[in-house]
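Pasted below: upload14.txt, compact mmCIF, C-alpha atoms and all ligand atoms.
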```
# COMPACT_ATOMS: atom_id res chain seq x y z
CA MET C 1 -137.05 -11.15 86.85
CA GLU C 2 -133.58 -12.44 85.89
CA ASN C 3 -132.75 -16.09 86.35
CA TYR C 4 -129.91 -15.47 88.79
CA GLN C 5 -126.96 -17.84 88.73
CA HIS C 6 -124.51 -16.43 91.24
CA ILE C 7 -125.61 -14.39 94.25
CA LEU C 8 -123.22 -12.51 96.52
CA ILE C 9 -124.10 -11.72 100.14
CA ALA C 10 -122.34 -8.67 101.57
CA ALA C 11 -122.02 -9.40 105.29
CA ASP C 12 -121.05 -6.74 107.80
CA PHE C 13 -121.67 -8.85 110.94
CA SER C 14 -124.15 -6.28 112.27
CA GLU C 15 -127.14 -7.34 114.35
CA HIS C 16 -129.33 -7.16 111.23
CA SER C 17 -127.11 -9.15 108.90
CA GLN C 18 -129.04 -12.39 109.42
CA GLN C 19 -132.01 -10.79 107.60
CA VAL C 20 -129.76 -10.13 104.59
CA ILE C 21 -128.39 -13.67 104.66
CA ASN C 22 -131.87 -15.21 104.92
CA ARG C 23 -133.17 -13.23 101.95
CA ALA C 24 -130.16 -14.12 99.79
CA GLN C 25 -130.56 -17.77 100.71
CA GLU C 26 -134.26 -17.77 99.79
CA ILE C 27 -133.50 -16.28 96.38
CA ALA C 28 -130.60 -18.69 95.78
CA GLU C 29 -132.88 -21.64 96.52
CA ARG C 30 -135.60 -20.29 94.24
CA TYR C 31 -133.19 -19.90 91.31
CA GLN C 32 -130.91 -22.82 92.19
CA ALA C 33 -128.15 -20.21 92.14
CA LYS C 34 -124.63 -20.45 93.49
CA LEU C 35 -124.14 -18.43 96.68
CA SER C 36 -121.01 -16.59 97.84
CA ILE C 37 -120.44 -14.38 100.84
CA CYS C 38 -117.96 -11.57 101.39
CA HIS C 39 -116.80 -9.29 104.16
CA ILE C 40 -114.54 -6.30 103.55
CA ILE C 41 -112.34 -5.09 106.37
CA GLU C 42 -112.14 -1.36 106.03
CA ASP C 43 -108.57 -0.37 105.23
CA PHE C 44 -106.75 2.21 107.25
CA PRO C 45 -103.70 4.24 106.26
CA ILE C 46 -100.36 2.65 107.04
CA ALA C 47 -97.85 4.75 105.21
CA ASP C 48 -99.55 8.13 105.22
CA PHE C 49 -97.12 10.25 107.14
CA ALA C 50 -99.84 12.76 107.95
CA TYR C 51 -101.17 10.25 110.47
CA GLU C 52 -97.84 9.07 111.79
CA PRO C 53 -97.90 10.83 115.15
CA MET C 54 -101.32 9.44 115.95
CA ILE C 55 -101.39 5.91 114.58
CA SER C 56 -98.98 3.15 115.34
CA VAL C 57 -99.99 0.32 113.06
CA ASP C 58 -99.15 -3.18 114.07
CA LEU C 59 -99.02 -5.47 111.04
CA ASP C 60 -99.94 -8.40 113.27
CA MET C 61 -103.17 -6.57 113.89
CA ARG C 62 -104.05 -6.84 110.18
CA ASP C 63 -103.47 -10.58 110.30
CA ALA C 64 -105.60 -10.84 113.43
CA MET C 65 -108.40 -8.85 111.77
CA LEU C 66 -108.23 -11.03 108.67
CA ASP C 67 -108.33 -14.23 110.76
CA SER C 68 -111.24 -12.94 112.77
CA GLY C 69 -113.15 -11.92 109.61
CA LYS C 70 -112.54 -15.34 108.06
CA LYS C 71 -113.71 -17.08 111.22
CA HIS C 72 -116.93 -15.04 111.31
CA ILE C 73 -117.61 -15.76 107.64
CA ALA C 74 -116.85 -19.47 108.11
CA ASP C 75 -119.33 -19.62 111.04
CA ILE C 76 -122.05 -18.11 108.84
CA ALA C 77 -121.14 -20.23 105.81
CA LYS C 78 -121.19 -23.45 107.85
CA LYS C 79 -124.94 -23.03 108.40
CA PHE C 80 -125.60 -23.49 104.70
CA ASP C 81 -122.66 -25.62 103.58
CA LEU C 82 -120.94 -22.89 101.63
CA PRO C 83 -117.48 -24.01 100.47
CA THR C 84 -114.39 -22.03 101.49
CA ALA C 85 -113.88 -21.03 97.85
CA ASN C 86 -117.09 -19.01 98.09
CA GLN C 87 -116.12 -17.18 101.29
CA TRP C 88 -114.21 -13.98 100.60
CA VAL C 89 -112.64 -11.71 103.21
CA GLU C 90 -110.31 -8.91 102.22
CA PHE C 91 -109.11 -5.43 103.14
CA GLY C 92 -110.36 -2.45 101.21
CA SER C 93 -113.22 -0.08 100.66
CA PRO C 94 -116.46 -2.00 101.36
CA SER C 95 -118.53 -0.74 98.43
CA LEU C 96 -115.71 -0.80 95.83
CA ASN C 97 -114.39 -4.21 96.86
CA ILE C 98 -117.89 -5.76 96.96
CA VAL C 99 -118.46 -4.54 93.40
CA SER C 100 -115.06 -5.70 92.14
CA LEU C 101 -115.49 -9.16 93.73
CA ALA C 102 -118.86 -9.36 91.99
CA ASN C 103 -117.34 -8.37 88.64
CA ASP C 104 -114.40 -10.77 88.94
CA ASN C 105 -116.60 -13.73 89.85
CA LYS C 106 -119.50 -13.27 87.43
CA VAL C 107 -121.96 -12.48 90.21
CA ASP C 108 -125.34 -11.43 88.81
CA LEU C 109 -127.03 -10.33 92.04
CA ILE C 110 -125.49 -8.60 95.06
CA VAL C 111 -127.56 -8.67 98.25
CA VAL C 112 -126.86 -5.96 100.83
CA GLY C 113 -128.78 -4.59 103.77
CA SER C 114 -130.32 -1.15 103.45
CA HIS C 115 -128.26 -0.31 106.55
CA GLY C 116 -125.39 -1.71 108.50
CA ARG C 117 -123.41 -1.04 111.58
CA HIS C 118 -123.83 2.71 111.25
CA GLY C 119 -127.49 2.62 112.22
CA ILE C 120 -130.78 2.89 110.40
CA LYS C 121 -131.31 6.62 110.48
CA LEU C 122 -130.40 7.29 106.85
CA LEU C 123 -132.62 6.23 103.95
CA LEU C 124 -129.76 4.11 102.64
CA GLY C 125 -126.39 3.42 104.23
CA SER C 126 -123.20 4.57 102.52
CA THR C 127 -122.01 1.07 101.56
CA ALA C 128 -125.41 0.15 100.14
CA ASN C 129 -125.47 3.45 98.26
CA GLY C 130 -121.94 2.94 96.87
CA VAL C 131 -122.72 -0.61 95.73
CA LEU C 132 -125.92 0.57 94.02
CA HIS C 133 -124.01 3.30 92.22
CA HIS C 134 -121.09 1.21 91.00
CA ALA C 135 -122.41 -2.33 90.48
CA LEU C 136 -122.69 -3.66 86.94
CA CYS C 137 -125.21 -6.33 88.02
CA ASP C 138 -128.51 -6.20 89.92
CA VAL C 139 -128.43 -5.16 93.57
CA LEU C 140 -131.03 -6.04 96.17
CA ALA C 141 -131.04 -3.78 99.22
CA VAL C 142 -132.97 -5.67 101.90
CA ARG C 143 -134.99 -3.16 103.90
CA LEU C 144 -133.84 -3.57 107.48
CA THR C 145 -135.99 -2.45 110.36
CA GLU C 146 -135.51 -2.27 114.11
CA GLN C 147 -136.86 -5.48 115.60
P1 LIG C 201 -124.02 0.53 105.34
O1 LIG C 201 -124.37 1.14 104.01
O2 LIG C 201 -122.58 0.60 105.72
O3 LIG C 201 -124.94 1.01 106.43
O4 LIG C 201 -124.29 -1.04 105.19
C1 LIG C 201 -125.32 -1.52 104.35
C2 LIG C 201 -125.07 -2.95 103.98
O5 LIG C 201 -123.85 -3.05 103.24
C3 LIG C 201 -124.92 -3.93 105.15
O6 LIG C 201 -126.19 -4.38 105.61
C4 LIG C 201 -124.12 -5.03 104.48
O7 LIG C 201 -124.97 -5.85 103.69
C5 LIG C 201 -123.20 -4.26 103.55
N1 LIG C 201 -121.91 -3.93 104.17
C6 LIG C 201 -121.59 -2.86 104.92
N2 LIG C 201 -120.31 -2.89 105.32
C7 LIG C 201 -119.81 -4.05 104.81
C8 LIG C 201 -118.52 -4.68 104.88
N3 LIG C 201 -117.51 -4.13 105.55
N4 LIG C 201 -118.35 -5.85 104.23
C9 LIG C 201 -119.38 -6.42 103.54
N5 LIG C 201 -120.61 -5.88 103.45
C10 LIG C 201 -120.82 -4.72 104.08
```
Rewrite the structure from the file as structure tokens, please.
Amino acid sequence: MENYQHILIAADFSEHSQQVINRAQEIAERYQAKLSICHIIEDFPIADFAYEPMISVDLDMRDAMLDSGKKHIADIAKKFDLPTANQWVEFGSPSLNIVSLANDNKVDLIVVGSHGRHGIKLLLGSTANGVLHHALCDVLAVRLTEQ
């Protein structure tokens, strides 16, 4: 197994996400690796006129979503003394942004859950699947089960 140096937790705040966090933490301790955590707020169209009649987008809402995401991440990070510099919250496409954060920050292991907020019916959730397809580093998909 690789001697991991920088591990990224992809947190979706679902009821199972603690299992993903615990596993990433265990591995980080074992390898004395740096740990970072990210949450991607799924982007929605603002300027696409095709949606105009249906969606009225309030830019304050984006700020509120960003603040709320940062607060959630900070609450998680506090439990294991993770500095603010290793807490990343941004808008975008979850799988693509997780991979690009990993690339930009020399992450060598991404830890995701096998499933997220969309339920555990599929073999692998779409974010987990996208990360596995696009990542340039190792990816651990923690098998999540109903508890
Ligand atoms: P999914 O494939 O969407 O069912 O989610 C699988 C896993 O991907 C979750 O357990 C998380 O680890 C990660 N994930 C999903 N959505 C996000 C998100 N918006 N931000 C960060 N990680 C996410």
Write out, as CSV, each residue of segment 48-118 of chain C that has an atom at most 12 Å from segment 6-14 of chain C, together with the closest pair of atoms and their distance in Å to one decimal, counting all atoms listed in the file, rows going by chain and rising number.
```
residue,atom,partner,partner_atom,distance
C:Ser68,CA,C:Phe13,CA,11.4
C:Gly69,CA,C:Phe13,CA,9.2
C:Lys70,CA,C:Ala11,CA,11.5
C:Lys71,CA,C:Phe13,CA,11.5
C:His72,CA,C:Phe13,CA,7.8
C:Ile73,CA,C:Ala11,CA,8.1
C:Ala74,CA,C:Ala11,CA,11.7
C:Asp75,CA,C:Phe13,CA,11.0
C:Ile76,CA,C:Ala11,CA,9.4
C:Ala77,CA,C:Ile9,CA,10.6
C:Leu82,CA,C:Ile9,CA,11.7
C:Asn86,CA,C:Leu8,CA,9.1
C:Gln87,CA,C:Ile9,CA,9.7
C:Trp88,CA,C:Ala10,CA,9.8
C:Val89,CA,C:Ala11,CA,9.9
C:Pro94,CA,C:Ala10,CA,8.9
C:Ser95,CA,C:Ala10,CA,9.3
C:Leu96,CA,C:Ala10,CA,11.8
C:Asn97,CA,C:Ala10,CA,10.3
C:Ile98,CA,C:Ala10,CA,7.0
C:Val99,CA,C:Leu8,CA,9.8
C:Ser100,CA,C:Leu8,CA,11.5
C:Leu101,CA,C:Leu8,CA,8.9
C:Ala102,CA,C:Leu8,CA,7.0
C:Asn103,CA,C:Leu8,CA,10.7
C:Asp104,CA,C:Leu8,CA,11.8
C:Asn105,CA,C:His6,CA,8.5
C:Lys106,CA,C:His6,CA,7.0
C:Val107,CA,C:His6,CA,4.8
C:Asp108,CA,C:His6,CA,5.6
C:Leu109,CA,C:Ile7,CA,4.8
C:Ile110,CA,C:Leu8,CA,4.8
C:Val111,CA,C:Ile9,CA,5.0
C:Val112,CA,C:Ala10,CA,5.3
C:Gly113,CA,C:Ala10,CA,7.9
C:Ser114,CA,C:Ala10,CA,11.1
C:His115,CA,C:Ser14,CA,9.2
C:Gly116,CA,C:Ser14,CA,6.1
C:Arg117,CA,C:Ser14,CA,5.3
C:His118,CA,C:Ser14,CA,9.1
```
Minimum-distance residue to Ala24 of chain C, chosen among C:Tyr4, C:Asp43, C:Asn129, C:His134 (using only C-alpha atoms) =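 The answer is C:Tyr4, which sits nearest to Ala24 of chain C.
Considering only C-alpha atoms, the residue among C:Glu26, C:Gln18, C:Ile41, C:Gly130 positioned nearest to Ala64 of chain C is C:Ile41.
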Min atom-atom distance to ligand LIG 201 (chain C) from the set C:Ala85, C:Ile27, C:Leu140, C:Leu59, counting all atoms listed in the file, belongs to C:Leu140
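Here atom CA of Asn3 of chain C and atom O3 of ligand LIG 201 (chain C) stand 27.5 Å from one another.
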Which residue gives the smallest distance to ligand LIG 201 (chain C) among C:Glu15, C:Glu42, C:Asp81, C:Glu29, with all atoms listed in the file counted?
->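 Going through C:Glu15, C:Glu42, C:Asp81, C:Glu29 one by one, the smallest distance to ligand LIG 201 (chain C) is for C:Glu42.
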Pick out the residues sitting within 8 Å of Gln5 of chain C, and hand them over as a PyMOL selection string; count only C-alpha atoms, and ignore anything fewer than 5 positions along from it in its own chain.
-> chain C and resi 28+31-34+107-108
Output file for the residues above (C-alpha atoms, as a PDB file, in the frame of the given file):
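Result file follows (out_16.pdb):
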```pdb
ATOM      1  CA  ALA C  28    -130.600 -18.690  95.780  1.00  0.00           C
ATOM      2  CA  TYR C  31    -133.190 -19.900  91.310  1.00  0.00           C
ATOM      3  CA  GLN C  32    -130.910 -22.820  92.190  1.00  0.00           C
ATOM      4  CA  ALA C  33    -128.150 -20.210  92.140  1.00  0.00           C
ATOM      5  CA  LYS C  34    -124.630 -20.450  93.490  1.00  0.00           C
ATOM      6  CA  VAL C 107    -121.960 -12.480  90.210  1.00  0.00           C
ATOM      7  CA  ASP C 108    -125.340 -11.430  88.810  1.00  0.00           C
TER       8      ASP C 108
END
```
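The spacing separating atom CA of Gln25 of chain C from atom CA of Ile40 of chain C amounts to 19.9 Å.
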Identify which of the residues C:Met65, C:Leu132, C:Phe80, C:Ile37 lies closest to Val20 of chain C, counting all atoms listed in the file when measuring atom-to-atom distances.
->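 Using all atoms listed in the file, the shortest distance to Val20 of chain C belongs to C:Ile37.
Candidate residues C:Lys79, C:Arg23, C:His39, C:His16 were compared for distance to ligand LIG 201 (chain C), and the nearest is C:His39, using only C-alpha atoms and all ligand atoms.
Atom CA of Leu136 of chain C is found 19.0 Å from atom O6 of ligand LIG 201 (chain C).
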